[in-house]
>>> print(open('query-v9.cif').read())   # mmCIF, C-alpha atoms
data_input
loop_
_atom_site.group_PDB
_atom_site.id
_atom_site.type_symbol
_atom_site.label_atom_id
_atom_site.label_comp_id
_atom_site.auth_asym_id
_atom_site.auth_seq_id
_atom_site.Cartn_x
_atom_site.Cartn_y
_atom_site.Cartn_z
ATOM 1 C CA MET A 1 161.189 128.477 123.397
ATOM 2 C CA THR A 2 158.003 127.275 121.676
ATOM 3 C CA GLN A 3 156.141 129.836 119.608
ATOM 4 C CA GLN A 4 152.449 130.154 120.515
ATOM 5 C CA VAL A 5 150.367 130.057 117.309
ATOM 6 C CA SER A 6 146.827 129.573 118.584
ATOM 7 C CA GLY A 7 146.211 133.303 118.393
ATOM 8 C CA SER A 8 147.807 133.762 114.978
ATOM 9 C CA PRO A 9 145.682 135.873 112.585
ATOM 10 C CA PHE A 10 146.730 133.496 109.761
ATOM 11 C CA LEU A 11 145.323 130.443 111.533
ATOM 12 C CA LYS A 12 142.116 132.254 112.433
ATOM 13 C CA SER A 13 141.674 133.219 108.803
ATOM 14 C CA PHE A 14 142.394 129.630 107.685
ATOM 15 C CA PHE A 15 139.760 128.089 109.947
ATOM 16 C CA LEU A 16 137.171 130.676 108.976
ATOM 17 C CA LYS A 17 137.675 130.104 105.246
ATOM 18 C CA THR A 18 137.957 126.300 105.305
ATOM 19 C CA PRO A 19 134.541 124.821 104.395
ATOM 20 C CA VAL A 20 132.968 122.607 107.034
ATOM 21 C CA ARG A 21 131.669 119.273 105.740
ATOM 22 C CA VAL A 22 128.074 118.711 106.795
ATOM 23 C CA VAL A 23 126.814 115.140 106.524
ATOM 24 C CA ASN A 24 123.218 114.812 105.376
ATOM 25 C CA PRO A 25 121.414 112.915 108.168
ATOM 26 C CA LEU A 26 119.137 111.279 105.588
ATOM 27 C CA ARG A 27 122.151 109.739 103.890
ATOM 28 C CA GLN A 28 123.428 108.521 107.223
ATOM 29 C CA ARG A 29 120.129 106.825 108.044
ATOM 30 C CA ARG A 30 119.530 105.223 104.671
ATOM 31 C CA HIS A 31 121.155 101.941 105.656
ATOM 32 C CA THR A 32 118.925 101.668 108.741
ATOM 33 C CA LEU A 33 115.659 101.533 106.804
ATOM 34 C CA PRO A 34 113.937 98.102 106.893
ATOM 35 C CA ALA A 35 114.869 95.809 104.015
ATOM 36 C CA SER A 36 111.652 94.354 102.579
ATOM 37 C CA LYS A 37 111.471 91.036 100.783
ATOM 38 C CA PHE A 38 108.543 89.120 99.305
ATOM 39 C CA ARG A 39 108.820 85.380 98.689
ATOM 40 C CA ASN A 40 106.891 82.129 98.765
ATOM 41 C CA LEU A 41 106.649 80.575 102.195
ATOM 42 C CA THR A 42 108.117 77.177 103.090
ATOM 43 C CA PRO A 43 107.380 74.671 105.872
ATOM 44 C CA GLN A 44 110.286 76.268 107.782
ATOM 45 C CA ASP A 45 108.152 79.414 108.070
ATOM 46 C CA ALA A 46 105.189 77.549 109.563
ATOM 47 C CA ILE A 47 105.769 78.460 113.208
ATOM 48 C CA SER A 48 106.139 82.183 112.436
ATOM 49 C CA VAL A 49 103.001 82.002 110.288
ATOM 50 C CA PHE A 50 101.016 80.260 113.009
ATOM 51 C CA GLU A 51 102.107 82.699 115.719
ATOM 52 C CA ILE A 52 100.922 85.696 113.670
ATOM 53 C CA GLU A 53 97.696 83.907 112.724
ATOM 54 C CA ARG A 54 96.934 82.844 116.295
ATOM 55 C CA GLU A 55 97.389 86.340 117.681
ATOM 56 C CA ALA A 56 95.236 87.858 114.931
ATOM 57 C CA PHE A 57 92.296 85.465 115.012
ATOM 58 C CA VAL A 58 91.998 83.827 118.432
ATOM 59 C CA SER A 59 91.130 87.119 120.131
ATOM 60 C CA VAL A 60 88.336 87.672 117.575
ATOM 61 C CA SER A 61 86.853 84.261 116.802
ATOM 62 C CA GLY A 62 88.375 82.062 119.497
ATOM 63 C CA GLU A 63 90.244 79.855 117.019
ATOM 64 C CA CYS A 64 92.629 79.965 114.063
ATOM 65 C CA PRO A 65 91.448 79.446 110.473
ATOM 66 C CA LEU A 66 94.342 76.999 110.046
ATOM 67 C CA THR A 67 95.942 74.784 112.668
ATOM 68 C CA LEU A 68 99.719 74.440 112.710
ATOM 69 C CA ASP A 69 99.393 71.025 111.047
ATOM 70 C CA GLU A 70 97.221 72.526 108.299
ATOM 71 C CA VAL A 71 99.720 75.355 107.772
ATOM 72 C CA LEU A 72 102.480 72.764 107.408
ATOM 73 C CA ASN A 73 100.295 70.738 105.052
ATOM 74 C CA PHE A 74 99.515 73.636 102.716
ATOM 75 C CA LEU A 75 103.090 74.945 102.706
ATOM 76 C CA GLY A 76 104.267 71.427 101.901
ATOM 77 C CA GLN A 77 101.764 70.876 99.083
ATOM 78 C CA CYS A 78 101.350 74.295 97.485
ATOM 79 C CA SER A 79 103.941 76.755 98.768
ATOM 80 C CA GLU A 80 103.893 78.388 95.326
ATOM 81 C CA LEU A 81 100.419 79.725 96.185
ATOM 82 C CA SER A 82 101.679 81.506 99.301
ATOM 83 C CA LEU A 83 103.418 84.833 99.775
ATOM 84 C CA GLY A 84 105.260 86.211 102.785
ATOM 85 C CA TRP A 85 106.449 89.754 103.473
ATOM 86 C CA PHE A 86 109.707 89.891 105.416
ATOM 87 C CA GLU A 87 111.396 92.918 106.966
ATOM 88 C CA GLU A 88 114.920 92.537 108.338
ATOM 89 C CA GLY A 89 114.439 88.781 107.996
ATOM 90 C CA GLN A 90 111.267 88.707 110.121
ATOM 91 C CA LEU A 91 107.859 87.710 108.764
ATOM 92 C CA VAL A 92 105.447 90.656 109.090
ATOM 93 C CA ALA A 93 102.527 89.582 106.864
ATOM 94 C CA PHE A 94 101.515 86.572 104.797
ATOM 95 C CA ILE A 95 98.930 84.949 102.548
ATOM 96 C CA ILE A 96 98.332 81.201 102.340
ATOM 97 C CA SER A 97 96.187 79.748 99.559
ATOM 98 C CA SER A 98 95.288 76.400 98.047
ATOM 99 C CA GLY A 99 93.792 75.071 94.820
ATOM 100 C CA TRP A 100 90.066 74.455 94.424
ATOM 101 C CA ASP A 101 88.008 72.888 91.623
ATOM 102 C CA LYS A 102 84.380 73.921 92.189
ATOM 103 C CA GLU A 103 82.391 77.062 91.435
ATOM 104 C CA ARG A 104 81.764 77.908 95.097
ATOM 105 C CA LEU A 105 83.749 77.187 98.243
ATOM 106 C CA SER A 106 82.528 74.442 100.560
ATOM 107 C CA GLN A 107 83.593 73.292 104.016
ATOM 108 C CA GLU A 108 86.043 70.851 102.411
ATOM 109 C CA ALA A 109 87.911 73.752 100.814
ATOM 110 C CA MET A 110 89.144 74.791 104.259
ATOM 111 C CA THR A 111 91.412 71.752 104.550
ATOM 112 C CA GLN A 112 91.945 70.475 100.978
ATOM 113 C CA HIS A 113 94.313 71.428 98.177
ATOM 114 C CA VAL A 114 93.284 70.433 94.659
ATOM 115 C CA PRO A 115 96.327 70.726 92.347
ATOM 116 C CA ASP A 116 96.338 71.986 88.746
ATOM 117 C CA THR A 117 93.073 73.911 88.927
ATOM 118 C CA PRO A 118 92.146 77.373 87.590
ATOM 119 C CA THR A 119 90.892 78.557 90.989
ATOM 120 C CA VAL A 120 92.888 79.675 94.019
ATOM 121 C CA HIS A 121 91.282 79.668 97.458
ATOM 122 C CA ILE A 122 92.841 82.369 99.646
ATOM 123 C CA GLN A 123 92.798 80.711 103.039
ATOM 124 C CA VAL A 124 94.376 83.365 105.268
ATOM 125 C CA LEU A 125 95.706 86.906 105.019
ATOM 126 C CA SER A 126 97.254 88.129 108.262
ATOM 127 C CA VAL A 127 99.525 90.958 109.420
ATOM 128 C CA HIS A 128 101.711 91.002 112.523
ATOM 129 C CA ARG A 129 100.165 93.031 115.347
ATOM 130 C CA HIS A 130 103.053 95.516 115.359
ATOM 131 C CA CYS A 131 102.590 96.242 111.653
ATOM 132 C CA ARG A 132 98.846 96.864 111.442
ATOM 133 C CA GLN A 133 97.215 100.143 110.453
ATOM 134 C CA GLN A 134 100.109 100.740 108.033
ATOM 135 C CA GLY A 135 98.455 99.570 104.817
ATOM 136 C CA LYS A 136 100.515 96.391 104.699
ATOM 137 C CA GLY A 137 97.487 94.154 104.160
ATOM 138 C CA SER A 138 96.454 96.095 101.048
ATOM 139 C CA ILE A 139 100.002 96.159 99.672
ATOM 140 C CA LEU A 140 100.526 92.445 100.237
ATOM 141 C CA LEU A 141 97.179 91.550 98.651
ATOM 142 C CA TRP A 142 97.927 93.720 95.599
ATOM 143 C CA ARG A 143 101.341 92.124 95.116
ATOM 144 C CA TYR A 144 99.869 88.662 95.593
ATOM 145 C CA LEU A 145 97.158 89.179 92.968
ATOM 146 C CA GLN A 146 99.750 90.443 90.484
ATOM 147 C CA TYR A 147 101.880 87.408 91.286
ATOM 148 C CA LEU A 148 98.927 85.087 90.604
ATOM 149 C CA ARG A 149 98.389 86.761 87.236
ATOM 150 C CA CYS A 150 101.763 85.345 86.228
ATOM 151 C CA VAL A 151 100.834 81.752 87.148
ATOM 152 C CA PRO A 152 99.772 79.894 83.973
ATOM 153 C CA GLY A 153 96.216 78.570 83.944
ATOM 154 C CA LEU A 154 94.819 80.554 86.867
ATOM 155 C CA ARG A 155 91.545 82.345 86.171
ATOM 156 C CA ARG A 156 90.246 83.484 89.546
ATOM 157 C CA ALA A 157 90.703 83.661 93.321
ATOM 158 C CA LEU A 158 88.025 82.953 95.918
ATOM 159 C CA LEU A 159 87.861 83.748 99.628
ATOM 160 C CA ILE A 160 85.404 84.116 102.471
ATOM 161 C CA CYS A 161 85.311 87.019 104.904
ATOM 162 C CA GLU A 162 83.134 88.617 107.538
ATOM 163 C CA ASP A 163 80.810 91.434 106.528
ATOM 164 C CA PHE A 164 83.030 94.190 107.927
ATOM 165 C CA LEU A 165 85.885 93.116 105.611
ATOM 166 C CA VAL A 166 83.783 93.182 102.424
ATOM 167 C CA PRO A 167 84.708 96.852 101.623
ATOM 168 C CA PHE A 168 88.414 96.020 101.980
ATOM 169 C CA TYR A 169 88.184 93.283 99.351
ATOM 170 C CA LEU A 170 85.848 95.265 97.095
ATOM 171 C CA LYS A 171 88.478 98.008 97.009
ATOM 172 C CA ALA A 172 91.074 95.399 95.955
ATOM 173 C CA GLY A 173 88.920 94.361 92.980
ATOM 174 C CA PHE A 174 86.932 91.439 94.382
ATOM 175 C CA LYS A 175 83.214 91.022 93.773
ATOM 176 C CA GLU A 176 80.597 89.553 96.082
ATOM 177 C CA LYS A 177 79.204 86.108 95.276
ATOM 178 C CA GLY A 178 76.792 86.057 98.198
ATOM 179 C CA PRO A 179 76.624 84.309 101.581
ATOM 180 C CA SER A 180 79.072 81.438 101.989
ATOM 181 C CA ALA A 181 78.064 77.885 102.845
ATOM 182 C CA ILE A 182 81.063 77.746 105.203
ATOM 183 C CA SER A 183 80.672 78.439 108.900
ATOM 184 C CA VAL A 184 83.323 78.531 111.613
ATOM 185 C CA SER A 185 82.341 78.712 115.294
ATOM 186 C CA HIS A 186 78.832 79.777 114.227
ATOM 187 C CA MET A 187 80.305 82.742 112.324
ATOM 188 C CA GLN A 188 78.806 83.585 108.918
ATOM 189 C CA PHE A 189 80.801 84.764 105.911
ATOM 190 C CA GLN A 190 80.493 86.365 102.503
ATOM 191 C CA GLU A 191 82.165 84.722 99.522
ATOM 192 C CA MET A 192 84.270 86.992 97.290
ATOM 193 C CA GLU A 193 85.733 86.434 93.816
ATOM 194 C CA TYR A 194 88.578 88.046 91.881
ATOM 195 C CA THR A 195 89.026 87.254 88.176
ATOM 196 C CA PHE A 196 92.303 87.471 86.277
ATOM 197 C CA GLY A 197 90.908 88.641 82.959
ATOM 198 C CA GLY A 198 93.016 91.095 80.951
ATOM 199 C CA GLN A 199 96.648 92.020 81.241
ATOM 200 C CA ALA A 200 98.625 92.220 84.446
ATOM 201 C CA TYR A 201 99.115 95.704 85.815
ATOM 202 C CA ALA A 202 102.466 97.236 84.936
ATOM 203 C CA ARG A 203 104.952 97.143 87.779
ATOM 204 C CA ARG A 204 108.674 97.574 88.184
ATOM 205 C CA ASN A 205 110.910 94.512 88.380
ATOM 206 C CA SER A 206 108.140 92.290 87.027
ATOM 207 C CA SER A 207 109.159 88.655 86.761
ATOM 208 C CA CYS A 208 106.226 87.667 84.529
#
>>> encode(input="query-v9.cif", output="structure tokens")
Amino acid sequence: MTQQVSGSPFLKSFFLKTPVRVVNPLRQRRHTLPASKFRNLTPQDAISVFEIEREAFVSVSGECPLTLDEVLNFLGQCSELSLGWFEEGQLVAFIISSGWDKERLSQEAMTQHVPDTPTVHIQVLSVHRHCRQQGKGSILLWRYLQYLRCVPGLRRALLICEDFLVPFYLKAGFKEKGPSAISVSHMQFQEMEYTFGGQAYARRNSSC
């Protein structure tokens, strides 16, 4: 005859006194957070770059600042002047730049890279449509400018933007140089300048 123990006072006391292990849900979810990575872009990233760029600019201006061939050209010639932000292996934001050797940007600067110069021309900054309104553009630009501070010989960065973007770049430390001589699809731009005078801002895991 089997003894029934489920109603035993001893067992009831045991289960009531034994601590119950509660798993912190935050610890469980930690491994599911997106893994971010910043690195220079390569020609293998060109299609992802162009897809983000096309979606961001065609709806506004009707055309991309850089064609796919131009993206490939710049990433082949001066990938060290680019920076991509990847989450879970997917490109979510990027900057592509080239070298320039004159005081102001001209139409030729849109398609040319001049190596070994003290000036960087920021060609495009774009964020994937699913990642906008999250501050990613500001974060990427800040990291990029700190990265450029570590590149020997660089003194400044130039770019052109529409009037509504001027406050964004002013907040990042750029200064206005006045109306740009460059026009795209009859659109007018302001030229902005960022200088690398002084020491780089302190940041963790600096590779400078």
>>> resolve_selection(input="query-v9.cif", expression="the PyMOL selection byres ((chain A and resi 113) around 10)", output="ChimeraX atom specification")
/A:73-74,77-78,97-101,108-112,114-117,120-121
>>> residues_around(input="query-v9.cif", residues="Asp45 in chain A", least_positions_apart="6", cutoff="12 Å", atoms="only C-alpha atoms", output="list in words")
Arg39, Glu51, Ile52, Leu68, Val71, Leu72, Phe74, Leu75, Gly76, Ser79, Ser82, Leu83, Gly84, Trp85, Phe86, Gly89, Gln90, Leu91, Val92, Ala93, Phe94 and Ile96 of chain A
>>> resolve_selection(input="query-v9.cif", expression="the PyMOL selection byres ((chain A and resi 181) around 9)", output="JSON, numbers by chain")
{"A": [104, 105, 106, 107, 179, 180, 182, 183, 188, 189, 190, 191]}
>>> atom_distance(input="query-v9.cif", atom1="CA of Leu140 in chain A", atom2="CA of Glu87 in chain A")
12.8 Å
>>> closest_residue(input="query-v9.cif", among="A:Ser138, A:Ser126, A:Thr195, A:Ser36", to="Ser48 in chain A", atoms="all atoms listed in the file")
A:Ser126
>>> atom_distance(input="query-v9.cif", atom1="CA of Arg143 in chain A", atom2="CA of Arg156 in chain A")
15.1 Å
>>> closest_residue(input="query-v9.cif", among="A:Gln133, A:Leu154, A:Glu63, A:Leu125", to="Tyr169 in chain A", atoms="only C-alpha atoms")
A:Leu125
>>> atom_distance(input="query-v9.cif", atom1="CA of Pro43 in chain A", atom2="CA of Ala157 in chain A")
22.7 Å
>>> closest_residue(input="query-v9.cif", among="A:Lys177, A:Lys171, A:Arg132, A:Arg149", to="Leu81 in chain A", atoms="all atoms listed in the file")
A:Arg149
>>> resolve_selection(input="query-v9.cif", expression="the PyMOL selection byres ((chain A and resi 175) around 7)", output="number ranges by chain")
A: 170, 173-174, 176-177, 192-194
>>> closest_residue(input="query-v9.cif", among="A:Leu41, A:Glu80, A:Val127, A:Phe57", to="Val184 in chain A", atoms="all atoms listed in the file")
A:Phe57
